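Data from model_25.pdb: PDB, C-alpha atoms and all ligand atoms
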```pdb
ATOM      1  CA  MET A  32     -10.680  -2.534 -11.881  1.00  0.00           C
ATOM      2  CA  ILE A  33      -7.782  -4.100  -9.993  1.00  0.00           C
ATOM      3  CA  ILE A  34      -4.601  -2.096  -9.427  1.00  0.00           C
ATOM      4  CA  LEU A  35      -1.455  -4.181  -9.082  1.00  0.00           C
ATOM      5  CA  ALA A  36       1.467  -2.642  -7.226  1.00  0.00           C
ATOM      6  CA  PRO A  37       4.724  -4.602  -7.046  1.00  0.00           C
ATOM      7  CA  SER A  38       6.592  -3.832  -3.821  1.00  0.00           C
ATOM      8  CA  LEU A  39      10.173  -2.735  -4.403  1.00  0.00           C
ATOM      9  CA  LEU A  40      11.127  -4.118  -0.978  1.00  0.00           C
ATOM     10  CA  SER A  41      11.688  -7.489  -2.663  1.00  0.00           C
ATOM     11  CA  ALA A  42      13.608  -6.013  -5.623  1.00  0.00           C
ATOM     12  CA  ASP A  43      17.378  -6.008  -5.991  1.00  0.00           C
ATOM     13  CA  PHE A  44      18.220  -2.611  -4.459  1.00  0.00           C
ATOM     14  CA  ALA A  45      21.570  -2.575  -6.250  1.00  0.00           C
ATOM     15  CA  ALA A  46      19.759  -2.746  -9.591  1.00  0.00           C
ATOM     16  CA  LEU A  47      16.685  -0.693  -8.752  1.00  0.00           C
ATOM     17  CA  GLY A  48      16.497   1.203 -12.067  1.00  0.00           C
ATOM     18  CA  ALA A  49      16.435  -2.035 -14.062  1.00  0.00           C
ATOM     19  CA  GLU A  50      13.981  -3.680 -11.645  1.00  0.00           C
ATOM     20  CA  VAL A  51      11.595  -0.728 -11.920  1.00  0.00           C
ATOM     21  CA  LYS A  52      11.764  -0.759 -15.699  1.00  0.00           C
ATOM     22  CA  GLU A  53      11.138  -4.492 -15.819  1.00  0.00           C
ATOM     23  CA  VAL A  54       7.969  -4.445 -13.709  1.00  0.00           C
ATOM     24  CA  GLN A  55       6.728  -1.366 -15.554  1.00  0.00           C
ATOM     25  CA  ASP A  56       7.178  -3.167 -18.870  1.00  0.00           C
ATOM     26  CA  SER A  57       5.548  -6.253 -17.335  1.00  0.00           C
ATOM     27  CA  GLY A  58       2.191  -4.573 -16.676  1.00  0.00           C
ATOM     28  CA  ALA A  59       2.446  -3.106 -13.157  1.00  0.00           C
ATOM     29  CA  ASP A  60      -0.049  -0.290 -12.460  1.00  0.00           C
ATOM     30  CA  TRP A  61       1.645   1.361  -9.472  1.00  0.00           C
ATOM     31  CA  LEU A  62       4.990   0.893  -7.720  1.00  0.00           C
ATOM     32  CA  HIS A  63       4.798   0.307  -3.979  1.00  0.00           C
ATOM     33  CA  VAL A  64       7.644   1.796  -1.930  1.00  0.00           C
ATOM     34  CA  ASP A  65       8.078   0.700   1.701  1.00  0.00           C
ATOM     35  CA  VAL A  66       9.615   3.263   4.036  1.00  0.00           C
ATOM     36  CA  MET A  67      10.663   1.910   7.456  1.00  0.00           C
ATOM     37  CA  ASP A  68      12.348   3.778  10.280  1.00  0.00           C
ATOM     38  CA  GLY A  69      13.521   1.028  12.651  1.00  0.00           C
ATOM     39  CA  ARG A  70      11.119   2.363  15.298  1.00  0.00           C
ATOM     40  CA  PHE A  71       7.550   1.895  14.096  1.00  0.00           C
ATOM     41  CA  VAL A  72       8.711  -1.397  12.576  1.00  0.00           C
ATOM     42  CA  PRO A  73      11.858  -3.426  13.302  1.00  0.00           C
ATOM     43  CA  ASN A  74      13.522  -2.726   9.954  1.00  0.00           C
ATOM     44  CA  ILE A  75      15.076   0.236   8.123  1.00  0.00           C
ATOM     45  CA  THR A  76      14.736   0.726   4.371  1.00  0.00           C
ATOM     46  CA  LEU A  77      14.902   3.982   2.448  1.00  0.00           C
ATOM     47  CA  GLY A  78      13.999   7.661   2.374  1.00  0.00           C
ATOM     48  CA  PRO A  79      13.107  10.507  -0.012  1.00  0.00           C
ATOM     49  CA  PRO A  80      16.386  10.406  -2.045  1.00  0.00           C
ATOM     50  CA  ILE A  81      15.631   6.857  -3.216  1.00  0.00           C
ATOM     51  CA  VAL A  82      12.014   7.745  -4.046  1.00  0.00           C
ATOM     52  CA  ASP A  83      13.355  10.697  -6.034  1.00  0.00           C
ATOM     53  CA  ALA A  84      15.795   8.426  -7.899  1.00  0.00           C
ATOM     54  CA  VAL A  85      13.090   5.841  -8.632  1.00  0.00           C
ATOM     55  CA  SER A  86      10.719   8.534  -9.911  1.00  0.00           C
ATOM     56  CA  LYS A  87      13.236   9.377 -12.629  1.00  0.00           C
ATOM     57  CA  HIS A  88      13.049   5.795 -13.937  1.00  0.00           C
ATOM     58  CA  THR A  89       9.287   5.391 -14.215  1.00  0.00           C
ATOM     59  CA  SER A  90       6.036   6.984 -15.273  1.00  0.00           C
ATOM     60  CA  LEU A  91       4.044   4.754 -12.884  1.00  0.00           C
ATOM     61  CA  PRO A  92       2.467   6.318  -9.785  1.00  0.00           C
ATOM     62  CA  LEU A  93       4.672   5.838  -6.716  1.00  0.00           C
ATOM     63  CA  ASP A  94       2.648   4.433  -3.820  1.00  0.00           C
ATOM     64  CA  VAL A  95       4.632   5.348  -0.708  1.00  0.00           C
ATOM     65  CA  HIS A  96       3.835   3.317   2.412  1.00  0.00           C
ATOM     66  CA  LEU A  97       5.224   5.111   5.459  1.00  0.00           C
ATOM     67  CA  MET A  98       5.937   2.725   8.324  1.00  0.00           C
ATOM     68  CA  ILE A  99       7.429   5.491  10.433  1.00  0.00           C
ATOM     69  CA  GLU A 100       6.632   7.333  13.631  1.00  0.00           C
ATOM     70  CA  ASN A 101       5.431  10.939  13.324  1.00  0.00           C
ATOM     71  CA  PRO A 102       5.041  10.704   9.529  1.00  0.00           C
ATOM     72  CA  GLU A 103       3.882  14.350   9.345  1.00  0.00           C
ATOM     73  CA  ARG A 104       7.567  15.369   9.533  1.00  0.00           C
ATOM     74  CA  TYR A 105       8.393  13.798   6.156  1.00  0.00           C
ATOM     75  CA  ILE A 106       5.272  14.175   4.019  1.00  0.00           C
ATOM     76  CA  GLY A 107       6.573  17.299   2.252  1.00  0.00           C
ATOM     77  CA  ASP A 108       9.862  15.555   1.431  1.00  0.00           C
ATOM     78  CA  PHE A 109       8.167  12.471  -0.033  1.00  0.00           C
ATOM     79  CA  ALA A 110       5.789  14.656  -2.033  1.00  0.00           C
ATOM     80  CA  LYS A 111       8.740  16.569  -3.497  1.00  0.00           C
ATOM     81  CA  ALA A 112      10.483  13.273  -4.230  1.00  0.00           C
ATOM     82  CA  GLY A 113       7.620  12.256  -6.537  1.00  0.00           C
ATOM     83  CA  ALA A 114       5.107  10.273  -4.462  1.00  0.00           C
ATOM     84  CA  ALA A 115       1.615  10.048  -5.973  1.00  0.00           C
ATOM     85  CA  VAL A 116       0.045   8.306  -2.991  1.00  0.00           C
ATOM     86  CA  ILE A 117       1.219   8.621   0.604  1.00  0.00           C
ATOM     87  CA  THR A 118      -0.135   6.224   3.196  1.00  0.00           C
ATOM     88  CA  VAL A 119       0.418   6.692   6.921  1.00  0.00           C
ATOM     89  CA  HIS A 120      -0.350   4.239   9.699  1.00  0.00           C
ATOM     90  CA  ALA A 121      -3.286   5.060  11.972  1.00  0.00           C
ATOM     91  CA  GLU A 122      -1.194   3.625  14.838  1.00  0.00           C
ATOM     92  CA  ALA A 123       1.570   6.169  14.157  1.00  0.00           C
ATOM     93  CA  CYS A 124      -0.599   9.317  14.073  1.00  0.00           C
ATOM     94  CA  VAL A 125      -1.975  11.160  17.082  1.00  0.00           C
ATOM     95  CA  HIS A 126      -3.729  13.606  14.736  1.00  0.00           C
ATOM     96  CA  LEU A 127      -4.714  11.276  11.915  1.00  0.00           C
ATOM     97  CA  HIS A 128      -7.311  13.577  10.336  1.00  0.00           C
ATOM     98  CA  ARG A 129      -4.794  16.447  10.213  1.00  0.00           C
ATOM     99  CA  VAL A 130      -2.081  14.297   8.617  1.00  0.00           C
ATOM    100  CA  ILE A 131      -4.487  13.015   5.943  1.00  0.00           C
ATOM    101  CA  HIS A 132      -5.387  16.594   4.999  1.00  0.00           C
ATOM    102  CA  GLN A 133      -1.696  17.561   5.014  1.00  0.00           C
ATOM    103  CA  ILE A 134      -1.187  14.937   2.277  1.00  0.00           C
ATOM    104  CA  LYS A 135      -4.266  16.019   0.290  1.00  0.00           C
ATOM    105  CA  GLU A 136      -3.313  19.686   0.411  1.00  0.00           C
ATOM    106  CA  LEU A 137      -0.150  18.763  -1.488  1.00  0.00           C
ATOM    107  CA  GLY A 138      -2.352  17.357  -4.272  1.00  0.00           C
ATOM    108  CA  LEU A 139      -1.569  13.710  -3.523  1.00  0.00           C
ATOM    109  CA  LYS A 140      -3.809  10.750  -2.808  1.00  0.00           C
ATOM    110  CA  ALA A 141      -3.952  10.089   0.930  1.00  0.00           C
ATOM    111  CA  GLY A 142      -4.074   6.643   2.485  1.00  0.00           C
ATOM    112  CA  VAL A 143      -4.417   5.282   6.000  1.00  0.00           C
ATOM    113  CA  ALA A 144      -3.016   1.876   6.945  1.00  0.00           C
ATOM    114  CA  ILE A 145      -3.852  -0.483   9.807  1.00  0.00           C
ATOM    115  CA  ASN A 146      -1.873  -3.410  11.204  1.00  0.00           C
ATOM    116  CA  PRO A 147      -3.413  -6.884  11.558  1.00  0.00           C
ATOM    117  CA  GLY A 148      -3.974  -6.276  15.287  1.00  0.00           C
ATOM    118  CA  THR A 149      -5.774  -2.951  14.781  1.00  0.00           C
ATOM    119  CA  PRO A 150      -9.570  -2.992  14.454  1.00  0.00           C
ATOM    120  CA  ALA A 151     -11.381  -1.647  11.389  1.00  0.00           C
ATOM    121  CA  SER A 152     -12.943   1.006  13.633  1.00  0.00           C
ATOM    122  CA  ALA A 153      -9.560   2.823  13.681  1.00  0.00           C
ATOM    123  CA  VAL A 154     -10.316   4.143  10.168  1.00  0.00           C
ATOM    124  CA  ARG A 155     -14.098   4.538  10.453  1.00  0.00           C
ATOM    125  CA  GLU A 156     -14.030   8.290  11.198  1.00  0.00           C
ATOM    126  CA  VAL A 157     -11.735   9.154   8.287  1.00  0.00           C
ATOM    127  CA  LEU A 158     -13.309   7.033   5.533  1.00  0.00           C
ATOM    128  CA  GLU A 159     -14.725  10.119   3.823  1.00  0.00           C
ATOM    129  CA  ASP A 160     -11.383  11.938   4.030  1.00  0.00           C
ATOM    130  CA  VAL A 161      -9.008   9.342   2.607  1.00  0.00           C
ATOM    131  CA  ASP A 162      -8.621   8.085  -0.947  1.00  0.00           C
ATOM    132  CA  LEU A 163      -7.366   4.702   0.211  1.00  0.00           C
ATOM    133  CA  VAL A 164      -7.376   2.361   3.192  1.00  0.00           C
ATOM    134  CA  LEU A 165      -4.466  -0.071   3.390  1.00  0.00           C
ATOM    135  CA  VAL A 166      -5.297  -3.223   5.304  1.00  0.00           C
ATOM    136  CA  MET A 167      -2.026  -4.894   6.273  1.00  0.00           C
ATOM    137  CA  THR A 168      -2.386  -8.612   5.685  1.00  0.00           C
ATOM    138  CA  VAL A 169       0.904  -9.352   7.507  1.00  0.00           C
ATOM    139  CA  ASN A 170       2.616  -7.558  10.367  1.00  0.00           C
ATOM    140  CA  PRO A 171       4.636  -4.789   8.713  1.00  0.00           C
ATOM    141  CA  GLY A 172       8.418  -4.811   8.593  1.00  0.00           C
ATOM    142  CA  PHE A 173       9.416  -7.522   6.144  1.00  0.00           C
ATOM    143  CA  GLY A 174       8.555  -9.015   2.782  1.00  0.00           C
ATOM    144  CA  GLY A 175       7.883 -12.697   2.178  1.00  0.00           C
ATOM    145  CA  GLN A 176       5.625 -13.387   5.180  1.00  0.00           C
ATOM    146  CA  ALA A 177       2.481 -15.546   5.202  1.00  0.00           C
ATOM    147  CA  PHE A 178      -0.928 -13.927   4.610  1.00  0.00           C
ATOM    148  CA  ILE A 179      -3.065 -13.625   7.794  1.00  0.00           C
ATOM    149  CA  PRO A 180      -6.605 -14.879   6.915  1.00  0.00           C
ATOM    150  CA  SER A 181      -8.413 -13.063   9.749  1.00  0.00           C
ATOM    151  CA  THR A 182      -7.713  -9.766   7.927  1.00  0.00           C
ATOM    152  CA  LEU A 183     -10.393 -10.719   5.363  1.00  0.00           C
ATOM    153  CA  ARG A 184     -13.094  -9.933   7.905  1.00  0.00           C
ATOM    154  CA  LYS A 185     -11.714  -6.435   8.276  1.00  0.00           C
ATOM    155  CA  ILE A 186     -11.582  -5.817   4.523  1.00  0.00           C
ATOM    156  CA  ARG A 187     -15.250  -6.854   4.283  1.00  0.00           C
ATOM    157  CA  GLN A 188     -16.232  -4.542   7.132  1.00  0.00           C
ATOM    158  CA  ILE A 189     -14.425  -1.550   5.642  1.00  0.00           C
ATOM    159  CA  ARG A 190     -15.950  -2.184   2.195  1.00  0.00           C
ATOM    160  CA  GLU A 191     -19.388  -2.357   3.781  1.00  0.00           C
ATOM    161  CA  TRP A 192     -18.904   1.012   5.514  1.00  0.00           C
ATOM    162  CA  ALA A 193     -17.381   2.520   2.368  1.00  0.00           C
ATOM    163  CA  ASN A 194     -20.410   1.469   0.288  1.00  0.00           C
ATOM    164  CA  GLU A 195     -22.436   3.896   2.396  1.00  0.00           C
ATOM    165  CA  VAL A 196     -20.096   6.855   2.684  1.00  0.00           C
ATOM    166  CA  HIS A 197     -17.378   6.565   0.019  1.00  0.00           C
ATOM    167  CA  PRO A 198     -18.239   4.049  -2.724  1.00  0.00           C
ATOM    168  CA  ASP A 199     -15.064   4.631  -4.764  1.00  0.00           C
ATOM    169  CA  LEU A 200     -12.734   4.163  -1.790  1.00  0.00           C
ATOM    170  CA  LEU A 201      -9.638   2.188  -2.753  1.00  0.00           C
ATOM    171  CA  ILE A 202      -8.917  -0.711  -0.407  1.00  0.00           C
ATOM    172  CA  GLU A 203      -5.326  -1.854  -0.645  1.00  0.00           C
ATOM    173  CA  VAL A 204      -3.922  -5.076   0.770  1.00  0.00           C
ATOM    174  CA  ASP A 205      -0.270  -5.662   1.518  1.00  0.00           C
ATOM    175  CA  GLY A 206       1.524  -8.786   2.657  1.00  0.00           C
ATOM    176  CA  GLY A 207       1.469 -12.358   1.401  1.00  0.00           C
ATOM    177  CA  ILE A 208      -0.497 -11.491  -1.750  1.00  0.00           C
ATOM    178  CA  ALA A 209      -0.004 -14.057  -4.513  1.00  0.00           C
ATOM    179  CA  GLU A 210      -2.082 -16.093  -6.972  1.00  0.00           C
ATOM    180  CA  ALA A 211      -3.751 -18.054  -4.137  1.00  0.00           C
ATOM    181  CA  THR A 212      -4.642 -15.127  -1.875  1.00  0.00           C
ATOM    182  CA  ALA A 213      -5.536 -12.530  -4.545  1.00  0.00           C
ATOM    183  CA  PRO A 214      -9.064 -13.919  -5.158  1.00  0.00           C
ATOM    184  CA  LEU A 215      -9.798 -13.987  -1.416  1.00  0.00           C
ATOM    185  CA  VAL A 216      -8.950 -10.328  -0.859  1.00  0.00           C
ATOM    186  CA  VAL A 217     -10.739  -9.181  -4.023  1.00  0.00           C
ATOM    187  CA  GLU A 218     -13.893 -11.091  -3.022  1.00  0.00           C
ATOM    188  CA  ALA A 219     -13.697  -9.362   0.363  1.00  0.00           C
ATOM    189  CA  GLY A 220     -13.582  -5.919  -1.316  1.00  0.00           C
ATOM    190  CA  ALA A 221      -9.940  -5.039  -1.981  1.00  0.00           C
ATOM    191  CA  ASN A 222      -9.007  -3.437  -5.315  1.00  0.00           C
ATOM    192  CA  VAL A 223      -5.333  -2.469  -4.894  1.00  0.00           C
ATOM    193  CA  LEU A 224      -3.012  -5.452  -4.510  1.00  0.00           C
ATOM    194  CA  VAL A 225       0.595  -5.081  -3.372  1.00  0.00           C
ATOM    195  CA  ALA A 226       2.899  -8.002  -4.118  1.00  0.00           C
ATOM    196  CA  GLY A 227       6.595  -8.156  -3.314  1.00  0.00           C
ATOM    197  CA  ASN A 228       7.876 -11.682  -3.132  1.00  0.00           C
ATOM    198  CA  ALA A 229       5.265 -13.030  -5.553  1.00  0.00           C
ATOM    199  CA  VAL A 230       6.593 -10.678  -8.275  1.00  0.00           C
ATOM    200  CA  PHE A 231      10.299 -10.147  -7.563  1.00  0.00           C
ATOM    201  CA  GLY A 232      10.803 -13.707  -6.318  1.00  0.00           C
ATOM    202  CA  ARG A 233      10.096 -15.004  -9.820  1.00  0.00           C
ATOM    203  CA  SER A 234      12.444 -14.528 -12.743  1.00  0.00           C
ATOM    204  CA  ASP A 235       9.553 -13.955 -15.165  1.00  0.00           C
ATOM    205  CA  ARG A 236       7.962 -10.819 -13.712  1.00  0.00           C
ATOM    206  CA  ALA A 237       5.429 -10.491 -16.544  1.00  0.00           C
ATOM    207  CA  ALA A 238       4.133 -14.021 -15.879  1.00  0.00           C
ATOM    208  CA  ALA A 239       4.009 -13.311 -12.140  1.00  0.00           C
ATOM    209  CA  ILE A 240       1.975 -10.129 -12.608  1.00  0.00           C
ATOM    210  CA  GLU A 241      -0.311 -11.776 -15.137  1.00  0.00           C
ATOM    211  CA  SER A 242      -1.048 -14.761 -12.893  1.00  0.00           C
ATOM    212  CA  ILE A 243      -1.921 -12.559  -9.887  1.00  0.00           C
ATOM    213  CA  ARG A 244      -4.048 -10.279 -12.073  1.00  0.00           C
ATOM    214  CA  SER A 245      -5.950 -13.098 -13.699  1.00  0.00           C
ATOM    215  CA  ALA A 246      -6.589 -14.810 -10.331  1.00  0.00           C
ATOM    216  CA  ALA A 247      -7.833 -11.481  -8.947  1.00  0.00           C
ATOM    217  CA  THR A 248      -9.978 -10.657 -11.970  1.00  0.00           C
ATOM    218  CA  GLN A 249     -11.626 -14.085 -12.061  1.00  0.00           C
ATOM    219  CA  ALA A 250     -12.675 -13.615  -8.459  1.00  0.00           C
ATOM    220  CA  LYS A 251     -14.636 -10.510  -9.498  1.00  0.00           C
ATOM    221  CA  LEU A 252     -16.626 -12.338 -12.224  1.00  0.00           C
TER     222      LEU A 252
HETATM  223  O1  LIG B 301       4.786  -3.185   3.720  1.00  0.00           O
HETATM  224  C1  LIG B 301       5.264  -4.285   3.510  1.00  0.00           C
HETATM  225  C2  LIG B 301       5.929  -5.057   4.584  1.00  0.00           C
HETATM  226  O2  LIG B 301       5.894  -4.332   5.750  1.00  0.00           O
HETATM  227  C3  LIG B 301       5.063  -4.867   2.175  1.00  0.00           C
HETATM  228  O3  LIG B 301       4.819  -3.918   1.184  1.00  0.00           O
HETATM  229  C4  LIG B 301       5.930  -6.017   1.716  1.00  0.00           C
HETATM  230  O4  LIG B 301       6.928  -5.593   0.842  1.00  0.00           O
HETATM  231  C5  LIG B 301       5.064  -7.059   1.062  1.00  0.00           C
HETATM  232  O5  LIG B 301       5.849  -8.117   0.647  1.00  0.00           O
HETATM  233  P1  LIG B 301       5.242  -9.543   0.274  1.00  0.00           P
HETATM  234  O6  LIG B 301       4.531 -10.066   1.502  1.00  0.00           O
HETATM  235  O7  LIG B 301       4.302  -9.337  -0.884  1.00  0.00           O
HETATM  236  O8  LIG B 301       6.447 -10.342  -0.083  1.00  0.00           O
HETATM  237 FE    FE B 302       4.016  -1.986   2.070  1.00  0.00          FE
END
```
Please render this file's structure as structure tokens.
Amino acid sequence: MIILAPSLLSADFAALGAEVKEVQDSGADWLHVDVMDGRFVPNITLGPPIVDAVSKHTSLPLDVHLMIENPERYIGDFAKAGAAVITVHAEACVHLHRVIHQIKELGLKAGVAINPGTPASAVREVLEDVDLVLVMTVNPGFGGQAFIPSTLRKIRQIREWANEVHPDLLIEVDGGIAEATAPLVVEAGANVLVAGNAVFGRSDRAAAIESIRSAATQAKL
């Protein structure tokens, strides 16, 4: 099964409630929320109060992608704000294993993300601990960037390892996912697809979601 998670980064922040409702009604499975601190990545977005506000407008799981340094400081706040999944970057955690278990102890799904320049081996030792690995398919910080094809190799490698130690591991991809790239990442082993520009950049969100989903699903057949 493919999980489709529109990224709110490309939504109209001044009309977030309506944007959330529209993608929910259009068939989204999760909502992806990008948190940036202006240090780990060169952009600043939003914090727990916005996640809390969004959670009151949706029944969809909130998939919180923390692009922040020392994420352990804020995990409790994002959990309280209504996150269902919290993903931290391997590059941002000195004690990655501890942070993952901090998330799981709060009853949430725990994810670990890696940048395009980080090898798959950075997540190898925590594959049994996490619920999800997020392979960044662009350099994090901004929406609307072009998909980096070399990341496909990494998705394949992680799926191969997961088949041995954690067969139901979710592999999420984020950045430049659209109708053309969805089949490539699904063939490589991804099953959670984040899409910002490809959903919010089109006026017909239902058609956008449907075209990504059908491209992704056909790849599986
Ligand atoms: O985490 C990020 C960017 O750092 C993403 O979640 C983007 O929001 C994806 O946007 P598109 O590439 O799909 O437009
Ligand atoms: Fe993201």
Report task. Convert the output of the PyMOL selection byres (((chain A and resi 236) around 10) and not hetatm) on the shown file into explicit residues, formatted as a VMD selection string. Result -> chain A and resid 37 50 53 to 59 229 to 235 237 to 242
Report task. Rank nothing, just name the residue among A:Leu39, A:Met32, A:Val82, A:Ala193 nearest to ligand LIG 301 (chain B), using only C-alpha atoms and all ligand atoms. Result ->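 Of all the options, A:Leu39 lies closest to ligand LIG 301 (chain B).
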Report task. Figure out the distance between CA of Ser152 (chain A) and atom C4 of ligand LIG 301 (chain B), please, to one decimal in Å. Result ->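 Calculated distance between atom C4 of ligand LIG 301 (chain B) and CA of Ser152 (chain A) is 23.4 Å.
Each of A:Val225, A:Ile186, A:Val51, A:Val164 was compared to ligand FE 302 (chain B) using all atoms listed in the file, and A:Val225 turns out to be the nearest.
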Report task. Compare A:Ile106, A:Met167, A:Ala42, A:Ala123 by their minimum atom-to-atom distance to ligand FE 302 (chain B), counting only C-alpha atoms and all ligand atoms, and give me the closest one. Result ->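 Closest residue, counting only C-alpha atoms and all ligand atoms: A:Met167.
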Quick one: which chain A residues come within 12 Å of ligand FE 302 (chain B), and what is the nearest atom pair for each with the distance in Å to one decimal, counting only C-alpha atoms and all ligand atoms, rows ordered by chain and ascending number, as a Markdown table?
```
| residue | atom | partner | partner_atom | distance |
| --- | --- | --- | --- | --- |
| A:Ala36 | CA | B:FE302 | FE | 9.7 |
| A:Pro37 | CA | B:FE302 | FE | 9.5 |
| A:Ser38 | CA | B:FE302 | FE | 6.7 |
| A:Leu39 | CA | B:FE302 | FE | 9.0 |
| A:Leu40 | CA | B:FE302 | FE | 8.0 |
| A:Ser41 | CA | B:FE302 | FE | 10.6 |
| A:Leu62 | CA | B:FE302 | FE | 10.3 |
| A:His63 | CA | B:FE302 | FE | 6.5 |
| A:Val64 | CA | B:FE302 | FE | 6.6 |
| A:Asp65 | CA | B:FE302 | FE | 4.9 |
| A:Val66 | CA | B:FE302 | FE | 7.9 |
| A:Met67 | CA | B:FE302 | FE | 9.4 |
| A:Val72 | CA | B:FE302 | FE | 11.5 |
| A:Thr76 | CA | B:FE302 | FE | 11.3 |
| A:Leu93 | CA | B:FE302 | FE | 11.8 |
| A:Asp94 | CA | B:FE302 | FE | 8.8 |
| A:Val95 | CA | B:FE302 | FE | 7.9 |
| A:His96 | CA | B:FE302 | FE | 5.3 |
| A:Leu97 | CA | B:FE302 | FE | 8.0 |
| A:Met98 | CA | B:FE302 | FE | 8.1 |
| A:Ile99 | CA | B:FE302 | FE | 11.7 |
| A:Ile117 | CA | B:FE302 | FE | 11.1 |
| A:Thr118 | CA | B:FE302 | FE | 9.3 |
| A:Val119 | CA | B:FE302 | FE | 10.6 |
| A:His120 | CA | B:FE302 | FE | 10.8 |
| A:Gly142 | CA | B:FE302 | FE | 11.8 |
| A:Val143 | CA | B:FE302 | FE | 11.8 |
| A:Ala144 | CA | B:FE302 | FE | 9.4 |
| A:Ile145 | CA | B:FE302 | FE | 11.1 |
| A:Asn146 | CA | B:FE302 | FE | 11.0 |
| A:Leu165 | CA | B:FE302 | FE | 8.8 |
| A:Val166 | CA | B:FE302 | FE | 9.9 |
| A:Met167 | CA | B:FE302 | FE | 7.9 |
| A:Thr168 | CA | B:FE302 | FE | 9.9 |
| A:Val169 | CA | B:FE302 | FE | 9.7 |
| A:Asn170 | CA | B:FE302 | FE | 10.1 |
| A:Pro171 | CA | B:FE302 | FE | 7.2 |
| A:Gly172 | CA | B:FE302 | FE | 8.4 |
| A:Phe173 | CA | B:FE302 | FE | 8.7 |
| A:Gly174 | CA | B:FE302 | FE | 8.4 |
| A:Gly175 | CA | B:FE302 | FE | 11.4 |
| A:Gln176 | CA | B:FE302 | FE | 11.9 |
| A:Glu203 | CA | B:FE302 | FE | 9.7 |
| A:Val204 | CA | B:FE302 | FE | 8.6 |
| A:Asp205 | CA | B:FE302 | FE | 5.7 |
| A:Gly206 | CA | B:FE302 | FE | 7.3 |
| A:Gly207 | CA | B:FE302 | FE | 10.7 |
| A:Ile208 | CA | B:FE302 | FE | 11.2 |
| A:Val223 | CA | B:FE302 | FE | 11.7 |
| A:Leu224 | CA | B:FE302 | FE | 10.2 |
| A:Val225 | CA | B:FE302 | FE | 7.1 |
| A:Ala226 | CA | B:FE302 | FE | 8.7 |
| A:Gly227 | CA | B:FE302 | FE | 8.6 |
| A:Asn228 | CA | B:FE302 | FE | 11.7 |
```
Requested in this report: Tell me, in Å to one decimal, how far atom O6 of ligand LIG 301 (chain B) is from CA of Ala209 (chain A).
Outcome: 8.5 Å
Query - Surrounding residues of Lys52 (chain A) excluding itself and chain neighbours under 6 positions, 10 Å, all atoms listed in the file, as number ranges by chain - result: A: 59, 85, 88-91
If you keep C-alpha atoms, can you produce a file of those selected residues as a PDB file, in the coordinates of the input?
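What follows is the written file result-v8.pdb:
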```pdb
ATOM      1  CA  ALA A  59       2.446  -3.106 -13.157  1.00  0.00           C
ATOM      2  CA  VAL A  85      13.090   5.841  -8.632  1.00  0.00           C
ATOM      3  CA  HIS A  88      13.049   5.795 -13.937  1.00  0.00           C
ATOM      4  CA  THR A  89       9.287   5.391 -14.215  1.00  0.00           C
ATOM      5  CA  SER A  90       6.036   6.984 -15.273  1.00  0.00           C
ATOM      6  CA  LEU A  91       4.044   4.754 -12.884  1.00  0.00           C
TER       7      LEU A  91
END
```
Query raised in the report: At what distance in Å, to one decimal, does CA of Leu137 (chain A) lie from CA of Pro92 (chain A)?
Result: 15.2 Å
Report task. Name the residues that the PyMOL selection byres (((chain A and resi 33) around 10) and not hetatm) pulls out of this structure, and write them as a list in words. Result -> Met32, Ile34, Leu35, Ala36, Asp60, Leu201, Glu203, Val217, Ala221, Asn222, Val223, Leu224, Arg244, Ser245, Ala247, Thr248 and Lys251 of chain A
**Report entry** Shortest interatomic distance to ligand LIG 301 (chain B) - which of A:Ala49, A:Ile75, A:Ile134, A:Leu183, counting all atoms listed in the file
**Finding:** A:Ile75
Query raised in the report: Restricting the calculation to only C-alpha atoms and all ligand atoms, which member of A:Glu210, A:Asp83, A:Asp108, A:Glu218 is positioned closest to ligand LIG 301 (chain B)?
Result: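 Closest to ligand LIG 301 (chain B), using only C-alpha atoms and all ligand atoms: A:Glu210.
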Requested in this report: Name the closest residue to ligand LIG 301 (chain B) among the candidates A:Pro198, A:Gly220, A:Gly69, A:Gly48; distances are taken between atoms, counting all atoms listed in the file.
Outcome: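 Closest residue, counting all atoms listed in the file: A:Gly69.
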Which centre and edge lengths in Å to one decimal define the box along x, y and z that fits every listed atom of ligand LIG 301 (chain B) plus 6 Å per side, as AutoDock Vina command-line options?
```
--center_x 5.6 --center_y -6.8 --center_z 2.4 --size_x 14.6 --size_y 19.2 --size_z 18.6
```
Query raised in the report: On this structure, which residues satisfy the PyMOL selection byres (((chain A and resi 153) around 10) and not hetatm), written as a PyMOL selection string?
Result: chain A and resi 121-122+127+143-145+149-152+154-158
